[in-house]
Protein chains: 8
Amino acid sequence: MDPRKLAELLEAVRDGSLDVDEAMGKLRTMPFEDIGYARVDHHRSLRRGMPEVVYAPGKTDEQLLGIVERMVSSGAPVMVSRVEPRQAGILLDRHPEASHSETARIVTLGSVPEVSGGLVVVVTAGTADIPVAEEAALTASFAGARVEKIFDVGVAGLHRIVPSMDVLGRAAAIVAVAGMEGALPSVIAGMVACPVVAVPTSIGYGASFGGIAALLAMVNSCAGGVSVVNIDSGFNGGYVAALIARGAEKAG
Amino acid sequence: MDPRKLAELLEAVRDGSLDVDEAMGKLRTMPFEDIGYARVDHHRSLRRGMPEVVYAPGKTDEQLLGIVERMVSSGAPVMVSRVEPRQAGILLDRHPEASHSETARIVTLGSVPEVSGGLVVVVTAGTADIPVAEEAALTASFAGARVEKIFDVGVAGLHRIVPSMDVLGRAAAIVAVAGMEGALPSVIAGMVACPVVAVPTSIGYGASFGGIAALLAMVNSCAGGVSVVNIDSGFNGGYVAALIARGAEKAG
Amino acid sequence: MDPRKLAELLEAVRDGSLDVDEAMGKLRTMPFEDIGYARVDHHRSLRRGMPEVVYAPGKTDEQLLGIVERMVSSGAPVMVSRVEPRQAGILLDRHPEASHSETARIVTLGSVPEVSGGLVVVVTAGTADIPVAEEAALTASFAGARVEKIFDVGVAGLHRIVPSMDVLGRAAAIVAVAGMEGALPSVIAGMVACPVVAVPTSIGYGASFGGIAALLAMVNSCAGGVSVVNIDSGFNGGYVAALIARGAEKAG
Amino acid sequence: MDPRKLAELLEAVRDGSLDVDEAMGKLRTMPFEDIGYARVDHHRSLRRGMPEVVYAPGKTDEQLLGIVERMVSSGAPVMVSRVEPRQAGILLDRHPEASHSETARIVTLGSVPEVSGGLVVVVTAGTADIPVAEEAALTASFAGARVEKIFDVGVAGLHRIVPSMDVLGRAAAIVAVAGMEGALPSVIAGMVACPVVAVPTSIGYGASFGGIAALLAMVNSCAGGVSVVNIDSGFNGGYVAALIARGAEKAG
Amino acid sequence: MDPRKLAELLEAVRDGSLDVDEAMGKLRTMPFEDIGYARVDHHRSLRRGMPEVVYAPGKTDEQLLGIVERMVSSGAPVMVSRVEPRQAGILLDRHPEASHSETARIVTLGSVPEVSGGLVVVVTAGTADIPVAEEAALTASFAGARVEKIFDVGVAGLHRIVPSMDVLGRAAAIVAVAGMEGALPSVIAGMVACPVVAVPTSIGYGASFGGIAALLAMVNSCAGGVSVVNIDSGFNGGYVAALIARGAEKAG
Amino acid sequence: MDPRKLAELLEAVRDGSLDVDEAMGKLRTMPFEDIGYARVDHHRSLRRGMPEVVYAPGKTDEQLLGIVERMVSSGAPVMVSRVEPRQAGILLDRHPEASHSETARIVTLGSVPEVSGGLVVVVTAGTADIPVAEEAALTASFAGARVEKIFDVGVAGLHRIVPSMDVLGRAAAIVAVAGMEGALPSVIAGMVACPVVAVPTSIGYGASFGGIAALLAMVNSCAGGVSVVNIDSGFNGGYVAALIARGAEKAG
Amino acid sequence: MDPRKLAELLEAVRDGSLDVDEAMGKLRTMPFEDIGYARVDHHRSLRRGMPEVVYAPGKTDEQLLGIVERMVSSGAPVMVSRVEPRQAGILLDRHPEASHSETARIVTLGSVPEVSGGLVVVVTAGTADIPVAEEAALTASFAGARVEKIFDVGVAGLHRIVPSMDVLGRAAAIVAVAGMEGALPSVIAGMVACPVVAVPTSIGYGASFGGIAALLAMVNSCAGGVSVVNIDSGFNGGYVAALIARGAEKAG
Amino acid sequence: MDPRKLAELLEAVRDGSLDVDEAMGKLRTMPFEDIGYARVDHHRSLRRGMPEVVYAPGKTDEQLLGIVERMVSSGAPVMVSRVEPRQAGILLDRHPEASHSETARIVTLGSVPEVSGGLVVVVTAGTADIPVAEEAALTASFAGARVEKIFDVGVAGLHRIVPSMDVLGRAAAIVAVAGMEGALPSVIAGMVACPVVAVPTSIGYGASFGGIAALLAMVNSCAGGVSVVNIDSGFNGGYVAALIARGAEKAG
């Protein structure tokens, strides 16, 4: 699918340096490695600028170790998300050089080199939103972004955000993490010039419906510039923000 | 059900000034008038401090005129809500002294005397929320409250609310009307000391689901002191606020 | 945001008793204290008439103790809601003078002085609604209201509410707590002249959907004067009622 | 499926009075008449004690007339429900002896003979619920029940139901019709000894969700003895009540 | 609310055999006993023909024992529903004469005398629906009905219901219990002449949504005569059926 | 993506009969034609065995005519679904040889040659489901299947399906179309050996929620062998059934 | 219901080789065996081409063993689905010859003979979808289909599916298993000519709502030829695919 | 709220060039203009880099003209979204220099100067999604972005996107617009390195629920880098993308 790769391949066929069966084979097996229960995508870091991230839930220990093994041996940095403490222990036993954040539920081996440009700011409405925010911050760091964090500035006491206006104003992208009524992203988007990535959390009870109320509020934001990721998806919030910040960088 | 009325009745029975059958009859027919399709509740203004409000939708013209007729003849002020222009025309033909607000979809004949005490402030997030806000304001006025209105102070430009802080600070109750993400009540409740009655509106589109997103946001407000009424129910928002303001008054 | 504070500050700047940098600093740091994972809002009791209430779920023990510590040291009364027994134990170890209600899941240190005026009445439909009702009652007491409680007067046996009509008639605000079909607030609002704050509970099964059925019923109440808070939110039910009762008082 | 019919048929086969192919044919075609777009069920009145009722929506004029034609020609009484005025006009043109209730949206030709026993009482919460109640009442009458109607006794003014307690106490089945919060069936079921068939209506707005709020409330009734039919289904409400009343009769 | 009681009371007042204060007192305290956490309704068996049923969930052991104690001492039969094994043990310790069905989660002390008339038939679609069916059957028996049970006749093998047609044909009311697609009540209602009380169960997975799919199917039944109770509410299914059967009896 | 096409292309490159740029061009432009507002997929009939079907809603007249034009000029048969009468008129004006079914809302030009094998049977629960069934039948015919239709055999009168058992038994695939409680597919799937494609319709009212109740019932079918398509999607019901019938054929 | 059986029976009655009572008895008891808590359907393998599959959840150990016992003794192969490890242990103790797949949660005794024709291909979007896919594969095998499996080809790295295009192209039916956004079936259906049976899984979090997001996506597939089964229903996915593949076979 | 403005103001107060009352006044009235029904936010273009966009629905003609008038007179470019044809006519009558796109439902007066940097690419799944895509494209252009458009590359014919890979690879941000199953953003995000802003549309029917199915699919995208805006919100999709592209530019 990468047009340049395809052109090179076709030229090799024309040159006779590659026969048709070999070309067919290359076209089929090149971009990933099939290990039965998973097809590890070594090309992703080229194609997307980010190594593949391993989502831990639902994988057996054997599958988790196997996938990480293949990625490590390909030389790319590795990040495993939503890791349970038990899974983290197994990964750290095998790879003692790995880092583990229990709050963010993330294990990393290496990281993408830091980019000099755009800043990602991660903001939470409350203290209980911190784990999701840490997942966002760690993901963005892993992806090469500089990150700053501001916690507990919920809309019921908006004056608490005032001293952080300078930091917010310097951001290339803001990740706004909030549960309950999910109003924080709207309020922030009304004050800044960069995109706001809203992460609804499942913090709340009753009619918060595990984050649906916050998700709906964020999707309906009256402030232009807010886009939304899945409930509790600190990972994707941080990932989208890092992509935005990198764009700001690359343009430099 | 009113214990004093019951005691008087029992005493009249004991005194012989009322026989048992009459007492039974009185107990049954006293508090309302049955006109077939409706049971008009003349006692409500005593029991609840507010005359019964007539909800127009689903009533035939004949029913609407009949119910208003009985209430007018009982001497109480009358308010008809959710009136379509055609229905309003019919009511005004029969009762030329009535007032009609097309924006608020309300027809009134008379009103409850103004109470000297508590102030009701009606606030909207956007311009499109004004009809619901007018319904709230007119209902609260009808119920005897003093009312002030502040429009278009949505959370995407919160600085617009600053010059209205004084008015908000003087309120006995605030009606906060908002659609889309419904964040305004939370923000206001964080700044004031009185109860905030949140009215979600159906303003918005897509995942606003006709006001459900705003309703959920308001029910999940992280700011204590917010309670919620039905979507687009300017009527009940104004009614609850008037009851609160009256309590403030009565206590005086 | 408090206009008088702002005016004083500006005058101090003009007088030269405060230089611009200091003024900037004051404007930024005055209203709260940043302890990293939380921004404790010491001004809330001035601004809202109520100290900040700490919501326990999702906070680590360290965070919970830290936040309470700062609030206690500022001299304000403190209330922690939705406390699990284990958390309560930790709080009581550190603050032996604290009170703990296991039914209401609340820990308090001190309380707002009782206000002489309005009465809050807390009513439940069933016995299983009592824990939510106790949370409401304790919150309202903490906020300075006088409170009376009436339990188990559900609409399937409405005559059971008759002997309590006197108490209901004296209320400045009624908190009506009900699960299942959530009809109690409508019935009570038809009988009294004060606002009714409806608290849906998650009591029920099947199509009660953890309280949604009751929430919807309450939001759709045909009786004017009912407003609604979140499912199982005894806290906000009691808080709103206390604000209403205080208004009644203040007006005195 | 009727065991006696089957036994007779088998005996006829054994007797030689019916050969196997004929028996097969009879078994297949006996219980209905296939007119292409519909299979008219002439046996229903035997099997169920009620003639088939024709549901008008979605049928072309030709289909509607054709189905009614076949039923009339079989001698059974016919009821067509949810008839639009235009459809009613067409039916009355063809069958001038038919009766049409515009409020109940029903056309009937004949009716089931009145049963001497059980009484069906149809109650509504509000005036706007009357059309659904009329559909219930007319269906129950068509099915042979005696019917009485009580309108506008909603739970916000419960004292209005007191003078009707006698009628309610005599009912074999009560059809309770209510929109909005749908509390009426619970309240009535707490006062009577017969089954209450609850009919939620789409009366209301906002979070009534076209009757879902009422439906959920009714399904969650805390009062034993309430069962529920579809939103606005006066038809099925009346039908179930008539079956109950008939049972009471038949037992006599 | 019982008119005859009221007439007697009024006559006693007139006769001077009861003074006004006493009459007021009687009117207030007669119909129930307030034990703080519950208001036990001793009049229910007179008013509704059924003793009050105690719903166990959410009650403390002390409350459960206390309520049962008062009911037992009033001489009425008692039924406790949704009893957990631990609660049942406590009840049986105190009342060794009680009966406990673990499948139906019911404890009873005594029962209403059997009525000679109407038969209740309880049918299930699958084997997994049996616990809900047993709850329905035991409730109906407790309420004095004769009960027969037919299990595992789901619509994917409808011929399995044929041998039970005779029993179904003799029923005064049928309780049809089904999860998954909930089609059984429609199919049965098409074959019989009595009312069918449909009980959706939470049996199923995925898009059965804990019984919502079955509930919706039953509410939308194309077969007239089906009414529906709450998901898994064997109790109310049996209760409604028993009321219907009793009506059939009483009429005799 | 078609491996044989790719191999031929590579061989042509190797043979020198195609140079690299040409090969690149072919790879990019071969499978469809870009007409700005649409990319017409001429290869679909090769790839999928079915020509592309044009979905009319949301297309301007110009777009609709343009897309059909390109498809007609490529020689493939064309089917346009969900055509409004006005759109059909425009298409027939331009292509007088086209066929239009107003009931099925379909316009066709030509059709796939009939396959000799598998039979598709389309069954409806009611008369009002016929338009969706006609869409299914016409789509299956267009796709080359033999089709038979059986209407109005809903589960409230199941005996009506008996005489059609033979036809059902011969089907390679059955399309079962039903609204309301959507029970028909379960019942049929319990009687036959072929796959049943269930099409929920929006026929019904109230809690049918425009077909959701039927969709959920069908997805939860207790009878193995039922799979489901979108509400009112006669098109996809017929399409899936035709693919199954063709498989049966091809295997021959 | 099987017309040939019925004809034979009638002929036996006519011949006198069977008397009427016996015939009645046969008609009633022939097709299943009533063991109280279940009616085991021995005729299903004749009627449907598949033995009845036992759904384990909600069955007691005694019921599970009893049902399997009757099926084994009738000589048919048996499959038990959704077996918990504990239940599997009990079954294997009694029937040591049984097979158990812990991943697929299935126990089988024997299987339907393999059919020589159609191939079923089971594809998953991710590694976490494998258990559901194994349930589908094992069910299809049990039902006599040849099965191939392709795992982890989700739409975020579509090139990973290219080397499997040949296998997909040979399939008579494809089971596409995916959670999260559920896009895989649409993408596959755009590339192949056979029906795609989509199985949504509950893999995901937040707004995946336990598989609802995937279910909705699949039902709304823009690619004709996709039909859907219940969330996580590998069983029905495999069953439908096996029926399709068998049709392809039988036609041969 | 802008810290530099605040510092300047404080310095002016200290310098005596501004007295306290004036300073208070400035702080209150500076950032917007109150015209009764709206508070026009002239500072937004400074604060957010974008002029305020006027949302037309729910505004009266007078309000719409008044708001546009104030914005025009402040010299900023103006964009009005969701304009009905009638409203557009009125705006064009008053401002003949305005531009109107009927497809995109947008009226603009002027635009933000084009930024030299980042490219926004707008992609649709189908032809019916074009109006939403045009709204996105026009909004992004108005906000200064360069825009390219690719239409009708839905996932049922993914090869159609291949020739557009080059354009996609050059994008700073991609707006992916899709209805029905909403799979396009996931597929694109798997192929590119920039953020993908997903816009669900209400295209579809039945269980698409007006775009909910697409919204859920997009929120659950398994491909990192996708964030989502409201259903049919071409406006916010284009707005977010323009902010991202501008960041890329600014960084340059």
# chains A, B, ... in the order shown; residues from 1 in each chain; ligands from 1
call {"tool": "select_by_dssp", "arguments": {"residues": "range 35-252 of chain D", "states": "strand (DSSP E or B)", "output": "mmCIF file with N, CA, C and O atoms, in the first residue's frame"}}
result
data_model
loop_
_atom_site.group_PDB
_atom_site.id
_atom_site.type_symbol
_atom_site.label_atom_id
_atom_site.label_comp_id
_atom_site.auth_asym_id
_atom_site.auth_seq_id
_atom_site.Cartn_x
_atom_site.Cartn_y
_atom_site.Cartn_z
ATOM 1 N N ARG D 39 -54.196 -13.743 5.914
ATOM 2 C CA ARG D 39 -54.796 -15.052 6.184
ATOM 3 C C ARG D 39 -55.816 -14.850 7.296
ATOM 4 O O ARG D 39 -55.471 -14.812 8.464
ATOM 5 N N VAL D 40 -57.087 -14.706 6.886
ATOM 6 C CA VAL D 40 -58.134 -14.329 7.826
ATOM 7 C C VAL D 40 -58.491 -15.520 8.705
ATOM 8 O O VAL D 40 -58.791 -16.599 8.207
ATOM 9 N N VAL D 53 -59.212 -8.889 15.541
ATOM 10 C CA VAL D 53 -59.329 -7.447 15.410
ATOM 11 C C VAL D 53 -58.358 -7.002 14.319
ATOM 12 O O VAL D 53 -57.213 -7.453 14.267
ATOM 13 N N VAL D 54 -58.816 -6.140 13.422
ATOM 14 C CA VAL D 54 -57.989 -5.699 12.303
ATOM 15 C C VAL D 54 -57.240 -4.422 12.690
ATOM 16 O O VAL D 54 -57.861 -3.445 13.106
ATOM 17 N N TYR D 55 -55.916 -4.483 12.559
ATOM 18 C CA TYR D 55 -55.068 -3.330 12.885
ATOM 19 C C TYR D 55 -54.845 -2.555 11.580
ATOM 20 O O TYR D 55 -54.230 -3.071 10.646
ATOM 21 N N VAL D 78 -66.931 -7.437 13.776
ATOM 22 C CA VAL D 78 -65.622 -6.979 13.311
ATOM 23 C C VAL D 78 -65.254 -5.690 14.017
ATOM 24 O O VAL D 78 -66.106 -4.810 14.197
ATOM 25 N N MET D 79 -63.978 -5.599 14.407
ATOM 26 C CA MET D 79 -63.491 -4.336 14.951
ATOM 27 C C MET D 79 -62.188 -3.971 14.234
ATOM 28 O O MET D 79 -61.300 -4.796 14.104
ATOM 29 N N VAL D 80 -62.130 -2.728 13.754
ATOM 30 C CA VAL D 80 -60.914 -2.231 13.117
ATOM 31 C C VAL D 80 -60.325 -1.144 14.017
ATOM 32 O O VAL D 80 -61.022 -0.193 14.378
ATOM 33 N N SER D 81 -59.038 -1.296 14.389
ATOM 34 C CA SER D 81 -58.439 -0.342 15.325
ATOM 35 C C SER D 81 -57.460 0.591 14.619
ATOM 36 O O SER D 81 -57.000 0.307 13.523
ATOM 37 N N SER D 99 -70.148 1.439 12.983
ATOM 38 C CA SER D 99 -70.028 2.568 13.913
ATOM 39 C C SER D 99 -68.582 3.043 13.919
ATOM 40 O O SER D 99 -67.655 2.243 13.829
ATOM 41 N N HIS D 100 -68.396 4.356 14.081
ATOM 42 C CA HIS D 100 -67.049 4.918 14.081
ATOM 43 C C HIS D 100 -66.878 5.884 15.245
ATOM 44 O O HIS D 100 -67.681 6.788 15.424
ATOM 45 N N SER D 101 -65.833 5.656 16.068
ATOM 46 C CA SER D 101 -65.476 6.633 17.103
ATOM 47 C C SER D 101 -64.167 7.304 16.694
ATOM 48 O O SER D 101 -63.118 6.653 16.623
ATOM 49 N N ILE D 106 -61.686 3.842 16.169
ATOM 50 C CA ILE D 106 -62.184 2.474 16.019
ATOM 51 C C ILE D 106 -63.414 2.465 15.121
ATOM 52 O O ILE D 106 -64.269 3.349 15.226
ATOM 53 N N VAL D 107 -63.493 1.457 14.240
ATOM 54 C CA VAL D 107 -64.723 1.177 13.496
ATOM 55 C C VAL D 107 -65.182 -0.223 13.896
ATOM 56 O O VAL D 107 -64.365 -1.150 13.933
ATOM 57 N N THR D 108 -66.453 -0.374 14.222
ATOM 58 C CA THR D 108 -66.976 -1.701 14.560
ATOM 59 C C THR D 108 -68.194 -2.034 13.709
ATOM 60 O O THR D 108 -68.959 -1.159 13.310
ATOM 61 N N LEU D 109 -68.347 -3.314 13.448
ATOM 62 C CA LEU D 109 -69.572 -3.847 12.849
ATOM 63 C C LEU D 109 -70.058 -4.956 13.767
ATOM 64 O O LEU D 109 -69.444 -6.015 13.844
ATOM 65 N N LEU D 119 -67.286 -6.073 35.807
ATOM 66 C CA LEU D 119 -67.258 -4.684 35.375
ATOM 67 C C LEU D 119 -65.821 -4.258 35.082
ATOM 68 O O LEU D 119 -64.907 -4.541 35.858
ATOM 69 N N VAL D 120 -65.622 -3.551 33.961
ATOM 70 C CA VAL D 120 -64.328 -2.954 33.640
ATOM 71 C C VAL D 120 -64.413 -1.453 33.899
ATOM 72 O O VAL D 120 -65.314 -0.794 33.383
ATOM 73 N N VAL D 121 -63.497 -0.930 34.720
ATOM 74 C CA VAL D 121 -63.461 0.516 34.951
ATOM 75 C C VAL D 121 -62.203 1.081 34.296
ATOM 76 O O VAL D 121 -61.104 0.568 34.509
ATOM 77 N N VAL D 122 -62.397 2.122 33.482
ATOM 78 C CA VAL D 122 -61.280 2.768 32.796
ATOM 79 C C VAL D 122 -61.032 4.122 33.442
ATOM 80 O O VAL D 122 -61.936 4.956 33.513
ATOM 81 N N VAL D 123 -59.804 4.332 33.937
ATOM 82 C CA VAL D 123 -59.461 5.545 34.669
ATOM 83 C C VAL D 123 -58.334 6.265 33.938
ATOM 84 O O VAL D 123 -57.409 5.617 33.444
ATOM 85 N N THR D 124 -58.359 7.601 33.888
ATOM 86 C CA THR D 124 -57.219 8.322 33.315
ATOM 87 C C THR D 124 -56.633 9.285 34.339
ATOM 88 O O THR D 124 -57.335 9.814 35.195
ATOM 89 N N ARG D 146 -69.177 -4.843 30.565
ATOM 90 C CA ARG D 146 -69.765 -3.578 31.008
ATOM 91 C C ARG D 146 -68.618 -2.648 31.372
ATOM 92 O O ARG D 146 -67.620 -3.094 31.953
ATOM 93 N N VAL D 147 -68.740 -1.360 31.061
ATOM 94 C CA VAL D 147 -67.619 -0.438 31.232
ATOM 95 C C VAL D 147 -68.089 0.844 31.904
ATOM 96 O O VAL D 147 -69.148 1.366 31.581
ATOM 97 N N GLU D 148 -67.283 1.322 32.885
ATOM 98 C CA GLU D 148 -67.497 2.677 33.409
ATOM 99 C C GLU D 148 -66.197 3.465 33.281
ATOM 100 O O GLU D 148 -65.116 2.890 33.283
ATOM 101 N N LYS D 149 -66.321 4.791 33.175
ATOM 102 C CA LYS D 149 -65.148 5.618 32.918
ATOM 103 C C LYS D 149 -64.989 6.709 33.974
ATOM 104 O O LYS D 149 -65.972 7.340 34.374
ATOM 105 N N ILE D 150 -63.761 6.919 34.423
ATOM 106 C CA ILE D 150 -63.448 7.987 35.385
ATOM 107 C C ILE D 150 -62.234 8.729 34.825
ATOM 108 O O ILE D 150 -61.180 8.135 34.640
ATOM 109 N N ALA D 173 -61.882 -5.615 36.822
ATOM 110 C CA ALA D 173 -60.574 -5.233 36.307
ATOM 111 C C ALA D 173 -60.573 -3.737 36.067
ATOM 112 O O ALA D 173 -61.594 -3.177 35.648
ATOM 113 N N ILE D 174 -59.456 -3.099 36.353
ATOM 114 C CA ILE D 174 -59.342 -1.654 36.141
ATOM 115 C C ILE D 174 -58.270 -1.401 35.087
ATOM 116 O O ILE D 174 -57.190 -1.974 35.149
ATOM 117 N N VAL D 175 -58.595 -0.564 34.115
ATOM 118 C CA VAL D 175 -57.611 -0.111 33.139
ATOM 119 C C VAL D 175 -57.180 1.292 33.564
ATOM 120 O O VAL D 175 -57.988 2.217 33.560
ATOM 121 N N ALA D 176 -55.907 1.435 33.967
ATOM 122 C CA ALA D 176 -55.414 2.731 34.442
ATOM 123 C C ALA D 176 -54.515 3.339 33.372
ATOM 124 O O ALA D 176 -53.465 2.789 33.063
ATOM 125 N N VAL D 177 -54.951 4.464 32.827
ATOM 126 C CA VAL D 177 -54.295 5.089 31.683
ATOM 127 C C VAL D 177 -53.585 6.363 32.137
ATOM 128 O O VAL D 177 -54.218 7.262 32.688
ATOM 129 N N ALA D 178 -52.258 6.432 31.932
ATOM 130 C CA ALA D 178 -51.524 7.623 32.393
ATOM 131 C C ALA D 178 -50.258 7.827 31.579
ATOM 132 O O ALA D 178 -49.610 6.867 31.169
ATOM 133 N N VAL D 196 -55.000 -4.575 38.056
ATOM 134 C CA VAL D 196 -54.947 -3.276 37.381
ATOM 135 C C VAL D 196 -54.114 -3.423 36.113
ATOM 136 O O VAL D 196 -52.953 -3.814 36.181
ATOM 137 N N VAL D 197 -54.735 -3.157 34.972
ATOM 138 C CA VAL D 197 -54.019 -3.196 33.701
ATOM 139 C C VAL D 197 -53.571 -1.773 33.387
ATOM 140 O O VAL D 197 -54.400 -0.886 33.180
ATOM 141 N N ALA D 198 -52.252 -1.558 33.383
ATOM 142 C CA ALA D 198 -51.709 -0.212 33.212
ATOM 143 C C ALA D 198 -51.435 0.061 31.739
ATOM 144 O O ALA D 198 -50.789 -0.734 31.069
ATOM 145 N N VAL D 199 -51.909 1.204 31.256
ATOM 146 C CA VAL D 199 -51.640 1.618 29.883
ATOM 147 C C VAL D 199 -50.836 2.919 29.903
ATOM 148 O O VAL D 199 -51.382 3.984 30.191
ATOM 149 N N PRO D 200 -49.548 2.859 29.621
ATOM 150 C CA PRO D 200 -48.788 4.106 29.535
ATOM 151 C C PRO D 200 -49.174 4.868 28.270
ATOM 152 O O PRO D 200 -49.460 4.244 27.239
ATOM 153 N N VAL D 226 -50.241 -5.051 39.370
ATOM 154 C CA VAL D 226 -50.225 -4.210 38.166
ATOM 155 C C VAL D 226 -49.520 -4.960 37.037
ATOM 156 O O VAL D 226 -48.390 -5.406 37.214
ATOM 157 N N SER D 227 -50.150 -5.072 35.893
ATOM 158 C CA SER D 227 -49.434 -5.538 34.710
ATOM 159 C C SER D 227 -49.636 -4.513 33.608
ATOM 160 O O SER D 227 -50.546 -3.692 33.671
ATOM 161 N N VAL D 228 -48.776 -4.551 32.606
ATOM 162 C CA VAL D 228 -48.647 -3.417 31.701
ATOM 163 C C VAL D 228 -48.794 -3.854 30.252
ATOM 164 O O VAL D 228 -48.386 -4.958 29.892
#
call {"tool": "residues_around", "arguments": {"residues": "Ser111 in chain B", "least_positions_apart": "5", "cutoff": "10 Å", "atoms": "only C-alpha atoms", "output": "list in words"}}
result
Met50, Pro51, Ala76, Pro77, Val78, Met79, Thr139, Ser141, Phe142, Ala143 and Gly144 of chain B
call {"tool": "write_last_selection", "arguments": {"atoms": "N, CA and C atoms", "output": "tab-separated table (two decimals), in the first residue's frame"}}
result
chain	number	residue	atom	x	y	z
B	50	MET	N	-50.59	27.98	44.90
B	50	MET	CA	-50.57	28.30	43.48
B	50	MET	C	-51.86	27.79	42.86
B	51	PRO	N	-52.52	28.55	41.98
B	51	PRO	CA	-53.66	27.99	41.27
B	51	PRO	C	-53.21	26.87	40.34
B	76	ALA	N	-60.09	32.48	40.70
B	76	ALA	CA	-58.64	32.33	40.81
B	76	ALA	C	-57.97	32.83	39.53
B	77	PRO	N	-56.73	33.29	39.63
B	77	PRO	CA	-55.97	33.57	38.41
B	77	PRO	C	-55.74	32.26	37.66
B	78	VAL	N	-55.58	32.35	36.35
B	78	VAL	CA	-55.45	31.16	35.51
B	78	VAL	C	-54.23	31.31	34.62
B	79	MET	N	-53.49	30.21	34.49
B	79	MET	CA	-52.40	30.19	33.52
B	79	MET	C	-52.52	28.94	32.67
B	139	THR	N	-43.79	32.19	34.14
B	139	THR	CA	-44.39	31.35	35.18
B	139	THR	C	-44.04	31.88	36.57
B	141	SER	N	-43.18	34.91	37.41
B	141	SER	CA	-43.91	36.17	37.62
B	141	SER	C	-45.37	35.89	37.99
B	142	PHE	N	-46.00	35.01	37.23
B	142	PHE	CA	-47.40	34.65	37.50
B	142	PHE	C	-47.54	34.16	38.93
B	143	ALA	N	-46.51	33.44	39.41
B	143	ALA	CA	-46.55	32.89	40.77
B	143	ALA	C	-46.12	33.90	41.82
B	144	GLY	N	-45.92	35.15	41.41
B	144	GLY	CA	-45.70	36.20	42.39
B	144	GLY	C	-44.25	36.58	42.63
call {"tool": "atom_distance", "arguments": {"atom1": "CA of Ala98 in chain H", "atom2": "CA of Gly36 in chain F"}}
result
26.7 Å
call {"tool": "residues_around", "arguments": {"residues": "Arg82 in chain D", "least_positions_apart": "5", "cutoff": "10 Å", "atoms": "only C-alpha atoms", "output": "list in words"}}
result
Val54, Tyr55, Ala56, Pro57, Gln87, Ala88, Glu102, Ala104, Arg105, Ile106, Val107, Glu135, Ser233 and Phe235 of chain D
call {"tool": "write_last_selection", "arguments": {"atoms": "C-alpha atoms", "output": "tab-separated table (two decimals), in the first residue's frame"}}
result
chain	number	residue	atom	x	y	z
D	54	VAL	CA	-57.99	-5.70	12.30
D	55	TYR	CA	-55.07	-3.33	12.88
D	56	ALA	CA	-55.44	-0.65	10.20
D	57	PRO	CA	-51.98	1.02	9.95
D	87	GLN	CA	-59.90	4.94	6.19
D	88	ALA	CA	-63.01	5.19	8.36
D	102	GLU	CA	-63.06	9.29	15.93
D	104	ALA	CA	-60.95	6.05	19.86
D	105	ARG	CA	-59.99	5.59	16.19
D	106	ILE	CA	-62.18	2.47	16.02
D	107	VAL	CA	-64.72	1.18	13.50
D	135	GLU	CA	-60.01	3.08	22.81
D	233	SER	CA	-52.39	0.60	23.55
D	235	PHE	CA	-56.81	-1.60	22.59
